[in-house]
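Here is run.txt, consisting of compact mmCIF, C-alpha atoms and all ligand atoms:
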# COMPACT_ATOMS: atom_id res chain seq x y z
CA MET A 1 -46.38 -39.26 -75.84
CA THR A 2 -43.55 -38.60 -78.23
CA GLU A 3 -40.58 -36.81 -76.85
CA GLU A 4 -38.39 -34.87 -79.16
CA PHE A 5 -35.30 -33.02 -78.17
CA LEU A 6 -34.24 -29.77 -79.68
CA PHE A 7 -30.85 -28.11 -79.58
CA GLY A 8 -30.14 -24.46 -79.23
CA THR A 9 -27.96 -21.73 -77.79
CA VAL A 10 -28.76 -19.81 -74.65
CA THR A 11 -28.99 -16.17 -75.65
CA ARG A 12 -30.20 -14.52 -72.46
CA ALA A 13 -30.97 -15.19 -68.84
CA VAL A 14 -34.32 -13.75 -67.90
CA GLY A 15 -34.09 -14.59 -64.22
CA GLY A 16 -35.83 -17.08 -62.01
CA GLY A 17 -34.13 -20.04 -63.64
CA LEU A 18 -35.52 -19.10 -67.05
CA TYR A 19 -33.44 -18.66 -70.18
CA GLU A 20 -34.05 -17.66 -73.75
CA VAL A 21 -32.84 -20.32 -76.11
CA ASP A 22 -32.33 -19.80 -79.84
CA ILE A 23 -33.41 -23.14 -81.26
CA GLU A 24 -31.45 -24.55 -84.20
CA ASP A 25 -33.28 -25.09 -87.48
CA ASP A 26 -36.36 -23.52 -86.04
CA GLU A 27 -39.02 -22.07 -88.29
CA ASP A 28 -39.88 -19.58 -85.62
CA PRO A 29 -36.87 -17.30 -85.27
CA SER A 30 -37.84 -15.95 -81.87
CA PRO A 31 -36.13 -17.56 -78.90
CA ARG A 32 -37.99 -19.86 -76.57
CA VAL A 33 -38.12 -19.31 -72.88
CA CYS A 34 -36.92 -22.45 -71.19
CA GLU A 35 -36.76 -23.54 -67.64
CA ILE A 36 -33.71 -25.15 -66.21
CA ARG A 37 -34.29 -28.64 -64.86
CA GLY A 38 -33.81 -29.15 -61.17
CA VAL A 39 -31.25 -31.85 -61.74
CA LEU A 40 -29.03 -29.36 -63.55
CA LYS A 41 -29.34 -26.84 -60.79
CA LYS A 42 -27.72 -29.22 -58.36
CA GLY A 43 -25.46 -30.97 -60.77
CA ARG A 44 -22.46 -28.75 -61.18
CA GLN A 45 -20.70 -27.98 -58.00
CA THR A 46 -17.88 -26.09 -59.63
CA THR A 47 -19.96 -23.28 -60.98
CA THR A 48 -22.51 -21.04 -59.44
CA GLN A 49 -24.40 -20.95 -62.71
CA PRO A 50 -25.18 -24.31 -64.26
CA VAL A 51 -26.50 -22.65 -67.41
CA VAL A 52 -24.97 -19.49 -68.85
CA VAL A 53 -25.38 -17.40 -71.96
CA GLY A 54 -23.54 -19.04 -74.84
CA ASP A 55 -24.22 -22.58 -73.68
CA ARG A 56 -25.40 -25.03 -76.26
CA VAL A 57 -28.24 -26.93 -74.68
CA LYS A 58 -30.58 -29.81 -75.22
CA VAL A 59 -34.17 -28.77 -74.77
CA ARG A 60 -37.33 -30.77 -74.28
CA GLU A 61 -40.34 -29.03 -75.63
CA ARG A 62 -43.11 -28.35 -73.25
CA GLU A 63 -46.64 -28.67 -74.42
CA SER A 64 -48.05 -25.21 -74.29
CA THR A 65 -50.75 -24.76 -71.74
CA GLY A 66 -51.46 -21.32 -73.02
CA ALA A 67 -51.16 -20.09 -69.48
CA ASN A 68 -48.81 -17.45 -68.33
CA VAL A 69 -46.89 -19.49 -65.87
CA LYS A 70 -44.36 -17.21 -64.34
CA GLY A 71 -44.65 -13.49 -64.62
CA ILE A 72 -44.82 -12.57 -68.24
CA TYR A 73 -42.89 -15.59 -69.39
CA LEU A 74 -44.42 -18.65 -70.80
CA ARG A 75 -42.23 -21.64 -70.21
CA GLU A 76 -41.84 -23.26 -73.56
CA GLY A 77 -39.31 -25.92 -72.77
CA PHE A 78 -36.96 -27.47 -70.31
CA ILE A 79 -33.21 -27.31 -70.52
CA GLU A 80 -32.29 -30.93 -70.03
CA GLU A 81 -28.60 -30.86 -70.66
CA VAL A 82 -25.74 -28.45 -71.18
CA LEU A 83 -23.32 -29.59 -73.84
CA PRO A 84 -19.62 -29.36 -73.03
CA ARG A 85 -18.33 -25.81 -73.08
CA ARG A 86 -15.54 -25.00 -75.47
CA SER A 87 -14.56 -22.01 -73.40
CA THR A 88 -15.77 -19.88 -70.56
CA LEU A 89 -15.12 -16.35 -69.54
CA SER A 90 -15.63 -15.80 -65.92
CA ARG A 91 -16.11 -12.81 -63.83
CA GLY A 92 -14.02 -12.91 -60.73
CA ARG A 93 -14.25 -15.61 -58.15
CA ILE A 94 -16.75 -16.02 -55.48
CA GLY A 95 -15.36 -18.26 -52.79
CA LYS A 96 -14.04 -21.34 -54.45
CA THR A 97 -16.44 -21.19 -57.32
CA SER A 98 -15.98 -19.07 -60.38
CA GLN A 99 -18.92 -17.19 -61.69
CA ILE A 100 -19.19 -17.85 -65.36
CA THR A 101 -20.72 -15.20 -67.49
CA LEU A 102 -20.30 -16.26 -71.05
CA ALA A 103 -19.60 -19.62 -72.59
CA ASN A 104 -18.24 -20.50 -75.98
CA LEU A 105 -17.18 -17.04 -77.07
CA ASP A 106 -14.62 -17.80 -79.72
CA GLN A 107 -13.79 -14.64 -81.59
CA ALA A 108 -12.90 -11.02 -80.97
CA VAL A 109 -13.67 -8.54 -83.71
CA ILE A 110 -11.24 -5.73 -83.13
CA VAL A 111 -12.33 -2.54 -84.82
CA MET A 112 -9.82 0.25 -85.39
CA ALA A 113 -10.31 3.38 -87.48
CA VAL A 114 -7.61 4.27 -89.99
CA ARG A 115 -8.48 7.94 -89.44
CA GLU A 116 -10.56 9.83 -86.90
CA PRO A 117 -8.93 8.62 -84.72
CA ASP A 118 -5.68 7.69 -86.45
CA LEU A 119 -4.69 4.06 -86.40
CA ASN A 120 -2.79 3.17 -83.25
CA THR A 121 -1.09 -0.17 -83.64
CA HIS A 122 -0.04 -0.35 -80.01
CA ARG A 123 -3.70 -0.15 -79.05
CA LEU A 124 -4.41 -2.88 -81.58
CA ASP A 125 -1.68 -5.01 -80.00
CA ARG A 126 -3.32 -4.63 -76.60
CA PHE A 127 -6.64 -5.84 -77.92
CA LEU A 128 -4.93 -8.74 -79.62
CA VAL A 129 -3.17 -9.70 -76.40
CA LEU A 130 -6.44 -9.63 -74.51
CA ALA A 131 -7.99 -11.87 -77.13
CA GLU A 132 -4.99 -14.20 -77.18
CA SER A 133 -4.94 -14.47 -73.42
CA ASN A 134 -8.52 -15.68 -73.59
CA GLU A 135 -7.76 -18.02 -76.46
CA LEU A 136 -10.07 -16.16 -78.78
CA LYS A 137 -9.53 -15.90 -82.49
CA SER A 138 -9.26 -12.33 -83.67
CA LEU A 139 -10.56 -10.56 -86.71
CA ILE A 140 -9.03 -7.15 -87.29
CA CYS A 141 -11.20 -4.61 -88.98
CA PHE A 142 -9.64 -1.37 -90.20
CA ASN A 143 -12.61 0.92 -90.61
CA LYS A 144 -13.20 4.35 -92.20
CA ILE A 145 -10.96 3.63 -95.16
CA ASP A 146 -13.06 6.13 -97.11
CA LEU A 147 -11.23 8.83 -95.16
CA MET A 148 -7.94 7.93 -96.82
CA LYS A 149 -6.77 8.37 -100.37
CA LYS A 150 -5.93 5.19 -102.24
CA ARG A 151 -2.30 6.20 -102.25
CA GLU A 152 -2.26 6.74 -98.48
CA LEU A 153 -3.94 3.41 -97.90
CA LYS A 154 -1.35 1.66 -99.97
CA LYS A 155 1.53 3.40 -98.28
CA GLU A 156 0.35 3.46 -94.67
CA ILE A 157 -2.22 0.72 -94.20
CA ALA A 158 -1.25 -2.04 -96.61
CA PRO A 159 2.06 -2.80 -94.83
CA ILE A 160 0.29 -2.98 -91.46
CA LYS A 161 -2.37 -5.26 -92.92
CA GLU A 162 0.32 -7.48 -94.32
CA LEU A 163 2.17 -7.66 -91.00
CA TYR A 164 -0.88 -8.73 -89.03
CA GLU A 165 -1.97 -11.19 -91.66
CA LYS A 166 1.47 -12.74 -91.48
CA LEU A 167 0.95 -13.16 -87.77
CA GLY A 168 -2.19 -15.12 -88.54
CA TYR A 169 -4.85 -12.49 -87.98
CA PRO A 170 -7.28 -11.87 -90.83
CA VAL A 171 -7.63 -8.17 -91.64
CA VAL A 172 -10.61 -6.59 -93.35
CA LEU A 173 -10.55 -3.06 -94.71
CA ALA A 174 -13.96 -1.52 -94.22
CA ALA A 175 -16.02 1.60 -94.47
CA ALA A 176 -19.06 0.74 -92.42
CA ASP A 177 -20.94 3.85 -93.43
CA GLU A 178 -20.54 2.93 -97.09
CA ASP A 179 -21.05 -0.81 -96.80
CA VAL A 180 -17.46 -1.50 -97.82
CA GLY A 181 -15.95 -4.72 -96.45
CA VAL A 182 -19.22 -5.80 -94.91
CA PRO A 183 -19.59 -9.14 -96.72
CA GLU A 184 -16.06 -10.07 -95.63
CA VAL A 185 -16.86 -9.28 -92.02
CA GLN A 186 -20.05 -11.32 -92.31
CA ALA A 187 -18.12 -14.28 -93.68
CA HIS A 188 -15.82 -14.18 -90.65
CA LEU A 189 -18.69 -13.88 -88.19
CA LYS A 190 -20.66 -16.75 -89.66
CA ASP A 191 -21.09 -19.63 -87.23
CA HIS A 192 -18.98 -18.02 -84.52
CA ILE A 193 -19.84 -16.37 -81.26
CA SER A 194 -18.05 -13.06 -81.52
CA ALA A 195 -17.54 -9.99 -79.42
CA VAL A 196 -16.83 -6.58 -80.90
CA LEU A 197 -14.00 -4.66 -79.28
CA GLY A 198 -12.53 -1.26 -79.93
CA SER A 199 -12.25 2.26 -78.64
CA SER A 200 -15.22 4.55 -78.91
CA GLY A 201 -15.74 6.43 -82.13
CA VAL A 202 -14.01 3.90 -84.37
CA GLY A 203 -17.30 2.76 -85.88
CA LYS A 204 -18.27 -0.36 -83.96
CA SER A 205 -21.97 0.49 -83.86
CA SER A 206 -21.95 1.44 -87.52
CA LEU A 207 -20.23 -1.79 -88.45
CA VAL A 208 -22.59 -3.94 -86.42
CA ASN A 209 -25.51 -2.21 -88.03
CA ALA A 210 -24.08 -2.70 -91.50
CA VAL A 211 -23.48 -6.39 -90.81
CA GLN A 212 -26.96 -6.96 -89.45
CA PRO A 213 -29.29 -4.08 -90.26
CA GLY A 214 -31.38 -3.08 -87.29
CA LEU A 215 -29.05 -4.55 -84.74
CA HIS A 216 -27.83 -2.09 -82.17
CA LEU A 217 -25.48 -3.44 -79.60
CA TRP A 218 -24.06 -1.72 -76.65
CA VAL A 219 -20.51 -1.51 -77.80
CA GLY A 220 -18.80 0.79 -75.40
CA GLU A 221 -15.25 1.79 -74.87
CA VAL A 222 -12.90 -0.79 -73.51
CA MET A 223 -11.62 1.49 -70.84
CA ASP A 224 -14.84 1.88 -68.91
CA ILE A 225 -14.59 -1.60 -67.55
CA GLY A 226 -15.53 -2.38 -64.05
CA LYS A 227 -17.52 0.69 -63.19
CA GLY A 228 -19.92 -1.69 -61.54
CA ARG A 229 -23.12 -0.53 -63.14
CA HIS A 230 -23.83 -3.79 -64.82
CA THR A 231 -24.17 -7.29 -63.64
CA THR A 232 -23.36 -10.58 -65.25
CA THR A 233 -26.94 -11.08 -66.34
CA ASP A 234 -26.56 -8.23 -68.79
CA VAL A 235 -24.77 -10.48 -71.22
CA SER A 236 -26.84 -11.55 -74.19
CA LEU A 237 -26.26 -12.98 -77.62
CA HIS A 238 -27.81 -11.70 -80.80
CA PRO A 239 -28.35 -14.26 -83.53
CA LEU A 240 -27.09 -13.19 -86.95
CA ASP A 241 -29.31 -13.91 -89.94
CA PHE A 242 -26.47 -15.63 -91.73
CA GLY A 243 -25.42 -17.77 -88.75
CA GLY A 244 -23.49 -17.05 -85.60
CA TYR A 245 -23.97 -14.65 -82.74
CA LEU A 246 -22.72 -11.33 -81.53
CA ALA A 247 -22.27 -10.89 -77.80
CA ASP A 248 -23.88 -7.83 -76.37
CA THR A 249 -22.89 -6.41 -73.07
CA PRO A 250 -21.68 -3.08 -71.88
CA GLY A 251 -18.82 -5.15 -70.79
CA VAL A 252 -18.06 -7.32 -73.77
CA LYS A 253 -14.79 -5.74 -73.08
CA THR A 254 -15.53 -6.48 -69.47
CA VAL A 255 -16.35 -10.06 -70.18
CA VAL A 256 -13.32 -10.55 -72.30
CA LEU A 257 -11.00 -9.16 -69.72
CA PHE A 258 -13.05 -9.57 -66.66
CA GLU A 259 -10.89 -9.46 -63.66
CA GLN A 260 -8.33 -11.45 -65.46
CA GLN A 261 -5.47 -11.74 -63.03
CA GLU A 262 -2.69 -13.41 -64.84
CA ILE A 263 -1.43 -13.20 -68.31
CA ASN A 264 1.43 -14.98 -69.99
CA LEU A 265 2.32 -11.95 -72.00
CA ASP A 266 5.01 -13.42 -74.21
CA GLN A 267 2.71 -16.30 -75.17
CA CYS A 268 0.20 -13.77 -76.45
CA PHE A 269 2.56 -12.73 -79.26
CA PRO A 270 2.32 -15.55 -81.79
CA GLU A 271 5.57 -14.60 -83.49
CA PHE A 272 7.47 -14.87 -80.17
CA ARG A 273 6.40 -18.43 -79.54
CA PRO A 274 9.02 -20.23 -81.63
CA PHE A 275 11.76 -18.44 -79.67
CA LEU A 276 10.49 -18.67 -76.13
CA HIS A 277 12.26 -21.90 -75.33
CA GLU A 278 15.55 -20.69 -76.67
CA CYS A 279 16.23 -17.94 -74.17
CA ARG A 280 18.98 -18.71 -71.69
CA PHE A 281 16.71 -18.19 -68.70
CA ASN A 282 13.44 -20.00 -68.70
CA ASN A 283 11.82 -17.09 -66.87
CA CYS A 284 13.27 -14.58 -69.33
CA THR A 285 11.16 -11.45 -69.66
CA HIS A 286 12.89 -10.67 -72.99
CA ASP A 287 13.67 -7.24 -71.66
CA HIS A 288 17.23 -7.04 -70.39
CA GLU A 289 18.38 -10.63 -69.95
CA PRO A 290 21.48 -11.86 -71.78
CA LYS A 291 21.12 -14.50 -74.48
CA CYS A 292 17.49 -13.67 -75.10
CA ALA A 293 16.23 -15.41 -78.22
CA VAL A 294 13.33 -12.99 -78.62
CA ARG A 295 15.60 -9.96 -78.73
CA ALA A 296 17.90 -11.81 -81.08
CA ALA A 297 14.90 -12.43 -83.32
CA VAL A 298 14.09 -8.71 -83.27
CA GLU A 299 17.63 -7.93 -84.33
CA ALA A 300 17.46 -10.55 -87.04
CA GLY A 301 14.20 -9.06 -88.31
CA ALA A 302 12.03 -12.09 -87.53
CA ILE A 303 10.04 -10.02 -85.03
CA THR A 304 9.25 -6.40 -85.87
CA GLN A 305 10.56 -3.64 -83.64
CA ALA A 306 7.04 -2.19 -83.33
CA ARG A 307 5.56 -5.40 -81.99
CA TYR A 308 8.49 -5.85 -79.63
CA ASP A 309 8.06 -2.27 -78.39
CA SER A 310 4.38 -3.00 -77.81
CA TYR A 311 5.38 -6.03 -75.78
CA VAL A 312 7.78 -4.02 -73.63
CA LYS A 313 5.17 -1.31 -72.95
CA MET A 314 2.70 -3.94 -71.80
CA LEU A 315 5.35 -5.67 -69.75
CA ARG A 316 6.10 -2.40 -67.96
CA ASP A 317 2.42 -1.93 -67.20
CA ILE A 318 2.12 -5.40 -65.80
CA GLN A 319 5.29 -4.96 -63.76
CA ALA A 320 3.93 -1.67 -62.43
CA GLY A 321 0.79 -3.46 -61.32
CA VAL A 322 -1.57 -1.83 -63.79
CA ARG A 323 -4.61 -4.06 -63.84
CA LEU A 324 -5.65 -5.38 -67.20
CA ARG A 325 -9.02 -3.74 -66.82
CA ASP A 326 -7.26 -0.39 -66.76
CA TRP A 327 -5.42 -0.99 -69.99
P1 LIG B 1 -18.47 3.43 -82.00
O1 LIG B 1 -18.34 4.40 -80.87
O2 LIG B 1 -17.23 2.63 -82.15
O3 LIG B 1 -19.68 2.56 -81.93
O4 LIG B 1 -18.56 4.29 -83.34
P2 LIG B 1 -19.85 4.72 -84.19
O5 LIG B 1 -20.35 3.59 -84.99
O6 LIG B 1 -20.80 5.39 -83.28
O7 LIG B 1 -19.19 5.74 -85.20
C1 LIG B 1 -18.54 6.91 -84.74
C2 LIG B 1 -18.59 7.94 -85.87
O8 LIG B 1 -17.81 7.46 -86.96
C3 LIG B 1 -19.97 8.19 -86.41
O9 LIG B 1 -20.09 9.56 -86.69
C4 LIG B 1 -20.02 7.36 -87.67
O10 LIG B 1 -20.92 7.88 -88.62
C5 LIG B 1 -18.60 7.45 -88.14
N1 LIG B 1 -18.22 6.29 -88.95
C6 LIG B 1 -18.45 4.99 -88.69
N2 LIG B 1 -17.98 4.21 -89.69
C7 LIG B 1 -17.46 5.05 -90.60
C8 LIG B 1 -16.82 4.85 -91.87
O11 LIG B 1 -16.63 3.74 -92.36
N3 LIG B 1 -16.38 5.97 -92.53
C9 LIG B 1 -16.56 7.21 -92.01
N4 LIG B 1 -16.11 8.25 -92.71
N5 LIG B 1 -17.16 7.43 -90.83
C10 LIG B 1 -17.60 6.38 -90.14
ZN ZN B 2 14.04 -13.88 -73.75
Before we go any further, please render this structure as structure tokens.
Ligand code: GDP
Ligand code: ZN
Amino acid sequence: MTEEFLFGTVTRAVGGGLYEVDIEDDEDPSPRVCEIRGVLKKGRQTTTQPVVVGDRVKVRERESTGANVKGIYLREGFIEEVLPRRSTLSRGRIGKTSQITLANLDQAVIVMAVREPDLNTHRLDRFLVLAESNELKSLICFNKIDLMKKRELKKEIAPIKELYEKLGYPVVLAAADEDVGVPEVQAHLKDHISAVLGSSGVGKSSLVNAVQPGLHLWVGEVMDIGKGRHTTTDVSLHPLDFGGYLADTPGVKTVVLFEQQEINLDQCFPEFRPFLHECRFNNCTHDHEPKCAVRAAVEAGAITQARYDSYVKMLRDIQAGVRLRDW
């Protein structure tokens, strides 16, 4: 009997120790339902879920018996091994173990409209901080540019684009409804596991659908986190035809921010980082303390006033005990 291993990405948990796995270089694009091996179930004491959506796994094919083994699912393989996770986003803590919901998410796609609703850079900064705090890359997408005149775009949007690009965030100008900017977004999504973030009405669904026609994700508003209607098993990944995955969950937002308790706010502003060790106090909040290198950098023009103001607003929220999920 020849044994051949396949590799793939777990895209969905179907329950009962069964998972859908999107097999790499597979002629058949549909995922295979795989059973988790008993040895894996016991193996990892630190997590309550040995296999989670987003995991890259090694699969042993199972010879099809043609029988419907468990419920409606035909077990088409065994998950033999979970490859090391690059990252995990966990939902809360249960006892000493953390319940992992999504592995290997590496990018946030932050969608903002330039009009309807008007661009709010403070809101953008909050999304960026949430991504930074989870060590995700960010792609910024300014959508609905068709609602602005060229002249307005140049005057109002171009400087903002330039600022964020300088900070290291790629910015794409898009009009999802008109297929503008779509190839650029696709190029950024390729070979990544991404989550789409943004307030409702900015065009997330439209953009997702333009990027991958026919794909409809649940891309809700970031503020409706934690209403408790959905469980961790709701997370799934949708393969993109050109490579990569989009995470789908009513709480992508939820997953990204899930119950996150602590945040090193100043570290989440890339342009602050070079100055953080130069403040007089090593626990400087960069708010009122004397000899603060961050505030000096604002005065010197190395940090923009707008970004600094964003920082202070978020700092106040954190100091007031506003939970991140309520941002
Ligand atoms: P979501 O709530 O973020 O998923 O936003 P939707 O994709 O549902 O879009 C909200 C509204 O904005 C819909 O009426 C869309 O047709 C519209 N919309 C989306 N993208 C664009 C765009 O690029 N230009 C314009 N003018 N309208 C858009
Ligand atoms: Zn300081």
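Counting all atoms listed in the file, the residue from A:Glu156, A:Glu135, A:Glu27, A:Asp179 that sits nearest to ligand LIG 1 (chain B) is A:Asp179.
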For this session: Using only C-alpha atoms, determine which residues lie at most 8 Å from Ala297 of chain A, disregarding the query and same-chain residues fewer than 5 positions distant; provide the list as a PyMOL selection string.
Result: chain A and resi 275+302-303
Problem set entry | Selection within 10 Å of ligand ZN 2 (chain B) by all atoms listed in the file, output as a ChimeraX atom specification | /A:266,272,275-297
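Between ligand LIG 1 (chain B) and the residues A:Gly8, A:Pro29, A:Pro84, A:Gly181, the shortest atom-to-atom distance, using only C-alpha atoms and all ligand atoms, involves A:Gly181.
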Would you list the residues that come within 6 Å of ligand LIG 1 (chain B)? Count all atoms listed in the file and give the answer as a PDB file with C-alpha atoms, in the coordinates of the input.
ATOM      1  CA  ASN A 143     -12.610   0.920 -90.610  1.00  0.00           C
ATOM      2  CA  LYS A 144     -13.200   4.350 -92.200  1.00  0.00           C
ATOM      3  CA  ASP A 146     -13.060   6.130 -97.110  1.00  0.00           C
ATOM      4  CA  LEU A 147     -11.230   8.830 -95.160  1.00  0.00           C
ATOM      5  CA  ALA A 175     -16.020   1.600 -94.470  1.00  0.00           C
ATOM      6  CA  ALA A 176     -19.060   0.740 -92.420  1.00  0.00           C
ATOM      7  CA  ASP A 177     -20.940   3.850 -93.430  1.00  0.00           C
ATOM      8  CA  SER A 200     -15.220   4.550 -78.910  1.00  0.00           C
ATOM      9  CA  GLY A 201     -15.740   6.430 -82.130  1.00  0.00           C
ATOM     10  CA  VAL A 202     -14.010   3.900 -84.370  1.00  0.00           C
ATOM     11  CA  GLY A 203     -17.300   2.760 -85.880  1.00  0.00           C
ATOM     12  CA  LYS A 204     -18.270  -0.360 -83.960  1.00  0.00           C
ATOM     13  CA  SER A 205     -21.970   0.490 -83.860  1.00  0.00           C
ATOM     14  CA  SER A 206     -21.950   1.440 -87.520  1.00  0.00           C
ATOM     15  CA  VAL A 219     -20.510  -1.510 -77.800  1.00  0.00           C
TER      16      VAL A 219
END
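In this model, the gap between atom CA of Asp191 of chain A and atom CA of Val211 of chain A comes to 13.9 Å.
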Problem set entry | Atom-to-atom span, atom CA of Gly243 of chain A and atom CA of Ile193 of chain A, Å | 9.4 Å
Problem set entry | Contact residues around Leu215 of chain A with all atoms listed in the file at 10 Å, ignoring same-chain residues under 3 positions, as a PyMOL selection string | chain A and resi 205-212+218+238-240+246
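The smallest atom-to-atom distance between Lys137 of chain A and any of A:Leu153, A:Val109, A:Val53, A:Val180, using all atoms listed in the file, is found for A:Val109.
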